[in-house]
$ cat coords-v1.pdb   # PDB, C-alpha atoms
ATOM      1  CA  MET A   1     115.195 168.350 114.896
ATOM      2  CA  SER A   2     113.868 165.287 116.378
ATOM      3  CA  TRP A   3     115.434 161.914 115.902
ATOM      4  CA  LEU A   4     112.409 160.699 113.954
ATOM      5  CA  THR A   5     112.866 163.328 111.276
ATOM      6  CA  GLU A   6     116.511 162.498 111.037
ATOM      7  CA  VAL A   7     115.772 158.768 110.511
ATOM      8  CA  SER A   8     113.138 159.627 107.920
ATOM      9  CA  ARG A   9     115.575 161.830 105.977
ATOM     10  CA  VAL A  10     118.270 159.068 105.988
ATOM     11  CA  LEU A  11     115.876 156.307 104.830
ATOM     12  CA  GLN A  12     114.003 158.362 102.211
ATOM     13  CA  PRO A  13     116.190 157.225  99.294
ATOM     14  CA  TYR A  14     115.578 153.571 100.285
ATOM     15  CA  TYR A  15     111.747 153.716 100.561
ATOM     16  CA  PRO A  16     111.087 151.806  97.294
ATOM     17  CA  VAL A  17     113.489 149.001  98.288
ATOM     18  CA  LEU A  18     112.042 148.816 101.792
ATOM     19  CA  PHE A  19     108.521 148.743 100.330
ATOM     20  CA  LEU A  20     109.482 145.824  98.025
ATOM     21  CA  LEU A  21     111.146 143.938 100.913
ATOM     22  CA  GLY A  22     108.003 144.426 103.050
ATOM     23  CA  LEU A  23     105.797 143.257 100.161
ATOM     24  CA  ILE A  24     107.964 140.135  99.631
ATOM     25  CA  LEU A  25     107.880 139.419 103.376
ATOM     26  CA  CYS A  26     104.068 139.722 103.345
ATOM     27  CA  LEU A  27     103.805 137.368 100.358
ATOM     28  CA  VAL A  28     106.057 134.799 102.052
ATOM     29  CA  LEU A  29     103.921 134.999 105.185
ATOM     30  CA  VAL A  30     100.716 134.563 103.153
ATOM     31  CA  VAL A  31     102.175 131.483 101.405
ATOM     32  CA  LEU A  32     103.266 129.997 104.752
ATOM     33  CA  PHE A  33      99.791 130.719 106.149
ATOM     34  CA  LEU A  34      98.122 128.956 103.193
ATOM     35  CA  VAL A  35     100.406 125.914 103.509
ATOM     36  CA  GLU A  36      99.666 125.615 107.221
ATOM     37  CA  ARG A  37      95.941 126.104 106.600
ATOM     38  CA  ARG A  38      95.995 123.249 104.083
ATOM     39  CA  ARG A  39      97.718 120.988 106.612
ATOM     40  CA  THR A  40      95.195 121.976 109.260
ATOM     41  CA  VAL A  41      92.281 121.169 106.944
ATOM     42  CA  GLU A  42      93.787 117.756 106.140
ATOM     43  CA  LEU A  43      94.316 117.003 109.841
ATOM     44  CA  LEU A  44      90.766 118.085 110.663
ATOM     45  CA  SER A  45      89.439 115.851 107.905
ATOM     46  CA  ARG A  46      91.385 112.878 109.243
ATOM     47  CA  LEU A  47      90.266 113.661 112.784
ATOM     48  CA  ARG A  48      86.616 113.838 111.692
ATOM     49  CA  SER A  49      86.882 110.474 109.926
ATOM     50  CA  LEU A  50      88.511 108.993 113.029
ATOM     51  CA  VAL A  51      85.870 110.428 115.330
ATOM     52  CA  ARG A  52      83.072 109.418 112.937
ATOM     53  CA  GLY A  53      84.337 105.826 112.927
ATOM     54  CA  MET A  54      82.822 102.856 111.170
ATOM     55  CA  GLU A  55      79.113 102.464 110.588
ATOM     56  CA  GLY A  56      78.439 106.077 111.527
ATOM     57  CA  THR A  57      79.400 105.694 115.173
ATOM     58  CA  ASN A  58      81.650 108.252 116.696
ATOM     59  CA  LEU A  59      84.759 107.605 118.730
ATOM     60  CA  GLU A  60      83.075 108.503 121.999
ATOM     61  CA  GLU A  61      80.324 105.911 121.464
ATOM     62  CA  ALA A  62      82.855 103.292 120.403
ATOM     63  CA  LEU A  63      84.982 103.930 123.497
ATOM     64  CA  GLY A  64      81.856 103.802 125.675
ATOM     65  CA  ARG A  65      80.858 100.429 124.219
ATOM     66  CA  LEU A  66      84.409  99.164 124.642
ATOM     67  CA  GLY A  67      84.388 100.264 128.294
ATOM     68  CA  GLU A  68      81.094  98.419 128.864
ATOM     69  CA  GLU A  69      82.505  95.279 127.239
ATOM     70  CA  VAL A  70      85.601  95.437 129.468
ATOM     71  CA  THR A  71      83.387  95.865 132.541
ATOM     72  CA  ASN A  72      81.188  92.942 131.478
ATOM     73  CA  ALA A  73      84.240  90.769 130.784
ATOM     74  CA  THR A  74      85.703  91.628 134.197
ATOM     75  CA  THR A  75      82.422  90.779 135.923
ATOM     76  CA  LYS A  76      82.147  87.501 134.011
ATOM     77  CA  SER A  77      85.775  86.652 134.831
ATOM     78  CA  GLN A  78      85.123  87.231 138.538
ATOM     79  CA  GLU A  79      82.010  85.032 138.381
ATOM     80  CA  LEU A  80      83.981  82.278 136.651
ATOM     81  CA  GLU A  81      86.749  82.522 139.251
ATOM     82  CA  GLY A  82      84.116  82.064 141.968
ATOM     83  CA  HIS A  83      82.657  79.029 140.187
ATOM     84  CA  LEU A  84      86.147  77.600 139.655
ATOM     85  CA  GLY A  85      86.961  78.023 143.346
ATOM     86  CA  ASN A  86      83.715  76.262 144.233
ATOM     87  CA  LEU A  87      84.517  73.417 141.838
ATOM     88  CA  ASP A  88      88.041  73.122 143.270
ATOM     89  CA  ARG A  89      86.625  72.824 146.801
ATOM     90  CA  ARG A  90      84.093  70.233 145.660
ATOM     91  CA  ALA A  91      86.678  68.287 143.640
ATOM     92  CA  GLN A  92      88.738  67.715 146.775
ATOM     93  CA  ARG A  93      85.879  65.553 148.033
ATOM     94  CA  PHE A  94      85.938  63.253 144.964
ATOM     95  CA  ILE A  95      87.827  59.963 145.090
ATOM     96  CA  GLN A  96      91.292  60.758 143.818
ATOM     97  CA  GLY A  97      93.351  57.865 145.110
ATOM     98  CA  MET A  98      92.568  54.152 144.902
ATOM     99  CA  ALA A  99      94.909  51.342 145.768
ATOM    100  CA  LEU A 100      94.432  47.594 146.049
ATOM    101  CA  GLU A 101      96.627  45.396 148.223
ATOM    102  CA  ARG A 102      96.145  41.658 147.600
ATOM    103  CA  TYR A 103      97.392  39.005 150.013
ATOM    104  CA  ASN A 104      96.766  35.578 151.491
ATOM    105  CA  ALA A 105      95.076  36.292 154.839
ATOM    106  CA  LEU A 106      94.004  32.857 155.979
ATOM    107  CA  GLN A 107      96.106  29.696 156.081
ATOM    108  CA  ASP A 108      93.372  27.398 154.742
ATOM    109  CA  ALA A 109      93.162  29.232 151.332
ATOM    110  CA  SER A 110      95.790  29.364 148.664
ATOM    111  CA  GLY A 111      96.564  32.340 146.416
ATOM    112  CA  ASP A 112      96.195  36.038 147.088
ATOM    113  CA  LEU A 113      92.414  36.038 147.235
ATOM    114  CA  SER A 114      92.064  38.446 150.166
ATOM    115  CA  PHE A 115      92.383  42.179 149.571
ATOM    116  CA  SER A 116      92.370  45.648 151.119
ATOM    117  CA  TRP A 117      91.111  48.425 148.867
ATOM    118  CA  ALA A 118      91.633  52.061 149.911
ATOM    119  CA  LEU A 119      89.504  54.856 148.416
ATOM    120  CA  LEU A 120      90.606  58.413 149.339
ATOM    121  CA  ASP A 121      89.716  61.971 148.405
ATOM    122  CA  ALA A 122      92.298  64.792 148.280
ATOM    123  CA  LEU A 123      91.843  65.439 152.015
ATOM    124  CA  GLY A 124      92.602  61.827 152.974
ATOM    125  CA  ASN A 125      88.979  61.009 153.743
ATOM    126  CA  GLY A 126      87.269  57.902 152.428
ATOM    127  CA  ALA A 127      87.175  54.227 153.307
ATOM    128  CA  VAL A 128      89.195  51.074 153.206
ATOM    129  CA  LEU A 129      87.405  47.852 152.241
ATOM    130  CA  THR A 130      88.915  44.543 153.279
ATOM    131  CA  GLY A 131      87.783  41.182 152.013
ATOM    132  CA  LEU A 132      89.101  38.061 153.760
ATOM    133  CA  TYR A 133      88.724  34.871 151.749
ATOM    134  CA  GLY A 134      88.807  31.455 153.346
ATOM    135  CA  ARG A 135      87.816  28.009 152.086
ATOM    136  CA  THR A 136      84.644  27.891 154.130
ATOM    137  CA  GLU A 137      83.828  31.558 154.597
ATOM    138  CA  TYR A 138      84.257  35.053 153.162
ATOM    139  CA  ARG A 139      84.219  38.239 155.243
ATOM    140  CA  LEU A 140      84.032  41.855 154.072
ATOM    141  CA  TYR A 141      84.916  44.807 156.319
ATOM    142  CA  ALA A 142      84.615  48.548 155.670
ATOM    143  CA  LYS A 143      86.431  51.118 157.793
ATOM    144  CA  PRO A 144      85.896  54.868 157.420
ATOM    145  CA  LEU A 145      88.961  57.086 157.033
ATOM    146  CA  ARG A 146      89.539  60.663 158.180
ATOM    147  CA  ASN A 147      92.845  62.290 157.204
ATOM    148  CA  GLY A 148      94.251  58.903 156.242
ATOM    149  CA  SER A 149      93.521  57.168 159.547
ATOM    150  CA  SER A 150      90.569  55.366 161.137
ATOM    151  CA  TYR A 151      89.014  55.001 164.547
ATOM    152  CA  TYR A 152      89.150  51.250 163.949
ATOM    153  CA  PRO A 153      92.458  49.376 164.123
ATOM    154  CA  LEU A 154      94.087  49.025 160.697
ATOM    155  CA  THR A 155      96.010  45.973 159.543
ATOM    156  CA  GLY A 156      99.376  46.236 157.835
ATOM    157  CA  GLU A 157      97.785  45.470 154.461
ATOM    158  CA  GLU A 158      95.172  48.182 154.967
ATOM    159  CA  LYS A 159      97.884  50.673 155.917
ATOM    160  CA  ARG A 160      99.879  49.781 152.754
ATOM    161  CA  ALA A 161      96.766  50.255 150.591
ATOM    162  CA  ILE A 162      96.144  53.653 152.220
ATOM    163  CA  GLU A 163      99.788  54.692 151.672
ATOM    164  CA  LYS A 164      99.581  53.715 147.988
ATOM    165  CA  ALA A 165      96.357  55.720 147.557
ATOM    166  CA  GLU A 166      97.963  58.737 149.266
ATOM    167  CA  GLU A 167     100.966  58.449 146.925
ATOM    168  CA  GLN A 168      98.604  58.541 143.940
ATOM    169  CA  ILE A 169      97.042  61.731 145.257
ATOM    170  CA  SER A 170     100.381  63.393 145.905
ATOM    171  CA  GLY A 171     101.627  62.381 142.441
ATOM    172  CA  LYS A 172     104.283  59.894 143.533
ATOM    173  CA  LYS A 173     104.652  56.633 141.710
ATOM    174  CA  THR A 174     103.611  53.573 143.608
ATOM    175  CA  SER A 175     105.759  50.502 143.672
ATOM    176  CA  PRO A 176     104.144  47.377 142.154
TER     177      PRO A 176
END

$ encode --input "coords-v1.pdb" --output "structure tokens"
Amino acid sequence: MSWLTEVSRVLQPYYPVLFLLGLILCLVLVVLFLVERRRTVELLSRLRSLVRGMEGTNLEEALGRLGEEVTNATTKSQELEGHLGNLDRRAQRFIQGMALERYNALQDASGDLSFSWALLDALGNGAVLTGLYGRTEYRLYAKPLRNGSSYYPLTGEEKRAIEKAEEQISGKKTSP
């Protein structure tokens, strides 16, 4: 006798119980399948609504538009950085420091009616204007400045005016 016939003979009294256990196992599996199918349908419905998006657009179109907007914003930001750099370079050439030094230059005049007025940009370029007041005459001189100095000799008052203007540019407080 083969082993298969022997197993069949031993299990024959238990066939109804085994059949019921198999049927119960099949029913449990069908219920689990239906529960999982329901979950899958719900997830698919939520996924479709997500992909469909607002106003009938789908997620792919929305992401494409968002990518274009990011690209446009990046391009615009780079353009603005270029313009800002250009403005920064140009702003260095604007007058950023002005200082006035008043004094009595000539013996025949009383009061501090003479002056030296320094006008500088951020690079130290500009001019210093000096006005010398006397009782019988008035003289006005202008000296160009490059990097805070001039090809023309500078007086002590002109140098003080230039130093005060440079302090304004560098953010230091000037003494009165």

$ closest_residue --input "coords-v1.pdb" --among "A:Glu137, A:Glu61, A:Glu158, A:Glu68" --to "Ala99 (chain A)" --atoms "only C-alpha atoms"
A:Glu158

$ atom_distance --input "coords-v1.pdb" --atom1 "CA of Pro144 (chain A)" --atom2 "CA of Asp112 (chain A)"
23.8 Å

$ resolve_selection --input "coords-v1.pdb" --expression "the PyMOL selection byres ((chain A and resi 123) around 12)" --output "list in words"
Arg89, Arg90, Ala91, Gln92, Arg93, Phe94, Ile95, Gln96, Gly97, Leu119, Leu120, Asp121, Ala122, Gly124, Asn125, Gly126, Leu145, Arg146, Asn147, Gly148, Ser149, Ala165, Glu166, Ile169 and Ser170 of chain A

$ write_last_selection --input "coords-v1.pdb" --atoms "C-alpha atoms" --output "PDB file, in the frame of the given file"
ATOM      1  CA  ARG A  89      86.625  72.824 146.801  1.00  0.00           C
ATOM      2  CA  ARG A  90      84.093  70.233 145.660  1.00  0.00           C
ATOM      3  CA  ALA A  91      86.678  68.287 143.640  1.00  0.00           C
ATOM      4  CA  GLN A  92      88.738  67.715 146.775  1.00  0.00           C
ATOM      5  CA  ARG A  93      85.879  65.553 148.033  1.00  0.00           C
ATOM      6  CA  PHE A  94      85.938  63.253 144.964  1.00  0.00           C
ATOM      7  CA  ILE A  95      87.827  59.963 145.090  1.00  0.00           C
ATOM      8  CA  GLN A  96      91.292  60.758 143.818  1.00  0.00           C
ATOM      9  CA  GLY A  97      93.351  57.865 145.110  1.00  0.00           C
ATOM     10  CA  LEU A 119      89.504  54.856 148.416  1.00  0.00           C
ATOM     11  CA  LEU A 120      90.606  58.413 149.339  1.00  0.00           C
ATOM     12  CA  ASP A 121      89.716  61.971 148.405  1.00  0.00           C
ATOM     13  CA  ALA A 122      92.298  64.792 148.280  1.00  0.00           C
ATOM     14  CA  GLY A 124      92.602  61.827 152.974  1.00  0.00           C
ATOM     15  CA  ASN A 125      88.979  61.009 153.743  1.00  0.00           C
ATOM     16  CA  GLY A 126      87.269  57.902 152.428  1.00  0.00           C
ATOM     17  CA  LEU A 145      88.961  57.086 157.033  1.00  0.00           C
ATOM     18  CA  ARG A 146      89.539  60.663 158.180  1.00  0.00           C
ATOM     19  CA  ASN A 147      92.845  62.290 157.204  1.00  0.00           C
ATOM     20  CA  GLY A 148      94.251  58.903 156.242  1.00  0.00           C
ATOM     21  CA  SER A 149      93.521  57.168 159.547  1.00  0.00           C
ATOM     22  CA  ALA A 165      96.357  55.720 147.557  1.00  0.00           C
ATOM     23  CA  GLU A 166      97.963  58.737 149.266  1.00  0.00           C
ATOM     24  CA  ILE A 169      97.042  61.731 145.257  1.00  0.00           C
ATOM     25  CA  SER A 170     100.381  63.393 145.905  1.00  0.00           C
TER      26      SER A 170
END

$ closest_residue --input "coords-v1.pdb" --among "A:His83, A:Lys159, A:Arg39, A:Arg9" --to "Leu100 (chain A)" --atoms "all atoms listed in the file"
A:Lys159

$ resolve_selection --input "coords-v1.pdb" --expression "the PyMOL selection byres ((chain A and resi 160) around 12)" --output "count of residues only"
29

$ axis_aligned_box --input "coords-v1.pdb" --around "region 92-111 of chain A" --padding-each-side "8 Å" --output "JSON"
{"center_x": 91.6, "center_y": 47.6, "center_z": 149.9, "size_x": 27.5, "size_y": 56.3, "size_z": 28.3}

$ atom_distance --input "coords-v1.pdb" --atom1 "CA of Phe19 (chain A)" --atom2 "CA of Leu34 (chain A)"
22.5 Å

$ build_atoms --input "coords-v1.pdb" --residues "region 4-21 of chain A" --atoms "N, CA and C atoms" --output "short mmCIF file (atom, residue, chain, number, x, y, z; two decimals), in the frame of the given file"
data_model
loop_
_atom_site.label_atom_id
_atom_site.label_comp_id
_atom_site.auth_asym_id
_atom_site.auth_seq_id
_atom_site.Cartn_x
_atom_site.Cartn_y
_atom_site.Cartn_z
N LEU A 4 113.28 161.34 114.92
CA LEU A 4 112.41 160.70 113.95
C LEU A 4 112.54 161.37 112.57
N THR A 5 112.67 162.64 112.55
CA THR A 5 112.87 163.33 111.28
C THR A 5 114.21 163.00 110.68
N GLU A 6 115.16 162.84 111.51
CA GLU A 6 116.51 162.50 111.04
C GLU A 6 116.50 161.10 110.42
N VAL A 7 115.85 160.13 111.03
CA VAL A 7 115.77 158.77 110.51
C VAL A 7 115.01 158.79 109.20
N SER A 8 113.95 159.55 109.13
CA SER A 8 113.14 159.63 107.92
C SER A 8 113.96 160.21 106.77
N ARG A 9 114.76 161.22 107.00
CA ARG A 9 115.58 161.83 105.98
C ARG A 9 116.63 160.86 105.48
N VAL A 10 117.22 160.01 106.38
CA VAL A 10 118.27 159.07 105.99
C VAL A 10 117.66 157.92 105.17
N LEU A 11 116.47 157.47 105.49
CA LEU A 11 115.88 156.31 104.83
C LEU A 11 115.08 156.68 103.57
N GLN A 12 114.84 157.93 103.33
CA GLN A 12 114.00 158.36 102.21
C GLN A 12 114.50 157.84 100.86
N PRO A 13 115.77 157.77 100.58
CA PRO A 13 116.19 157.22 99.29
C PRO A 13 115.94 155.71 99.18
N TYR A 14 115.75 155.03 100.31
CA TYR A 14 115.58 153.57 100.28
C TYR A 14 114.11 153.14 100.41
N TYR A 15 113.16 154.05 100.41
CA TYR A 15 111.75 153.72 100.56
C TYR A 15 111.26 152.70 99.53
N PRO A 16 111.58 152.80 98.24
CA PRO A 16 111.09 151.81 97.29
C PRO A 16 111.62 150.41 97.60
N VAL A 17 112.90 150.31 97.98
CA VAL A 17 113.49 149.00 98.29
C VAL A 17 112.84 148.44 99.56
N LEU A 18 112.66 149.27 100.55
CA LEU A 18 112.04 148.82 101.79
C LEU A 18 110.59 148.38 101.54
N PHE A 19 109.89 149.11 100.67
CA PHE A 19 108.52 148.74 100.33
C PHE A 19 108.49 147.37 99.66
N LEU A 20 109.41 147.12 98.70
CA LEU A 20 109.48 145.82 98.02
C LEU A 20 109.84 144.70 99.01
N LEU A 21 110.78 144.93 99.90
CA LEU A 21 111.15 143.94 100.91
C LEU A 21 109.94 143.63 101.82
#
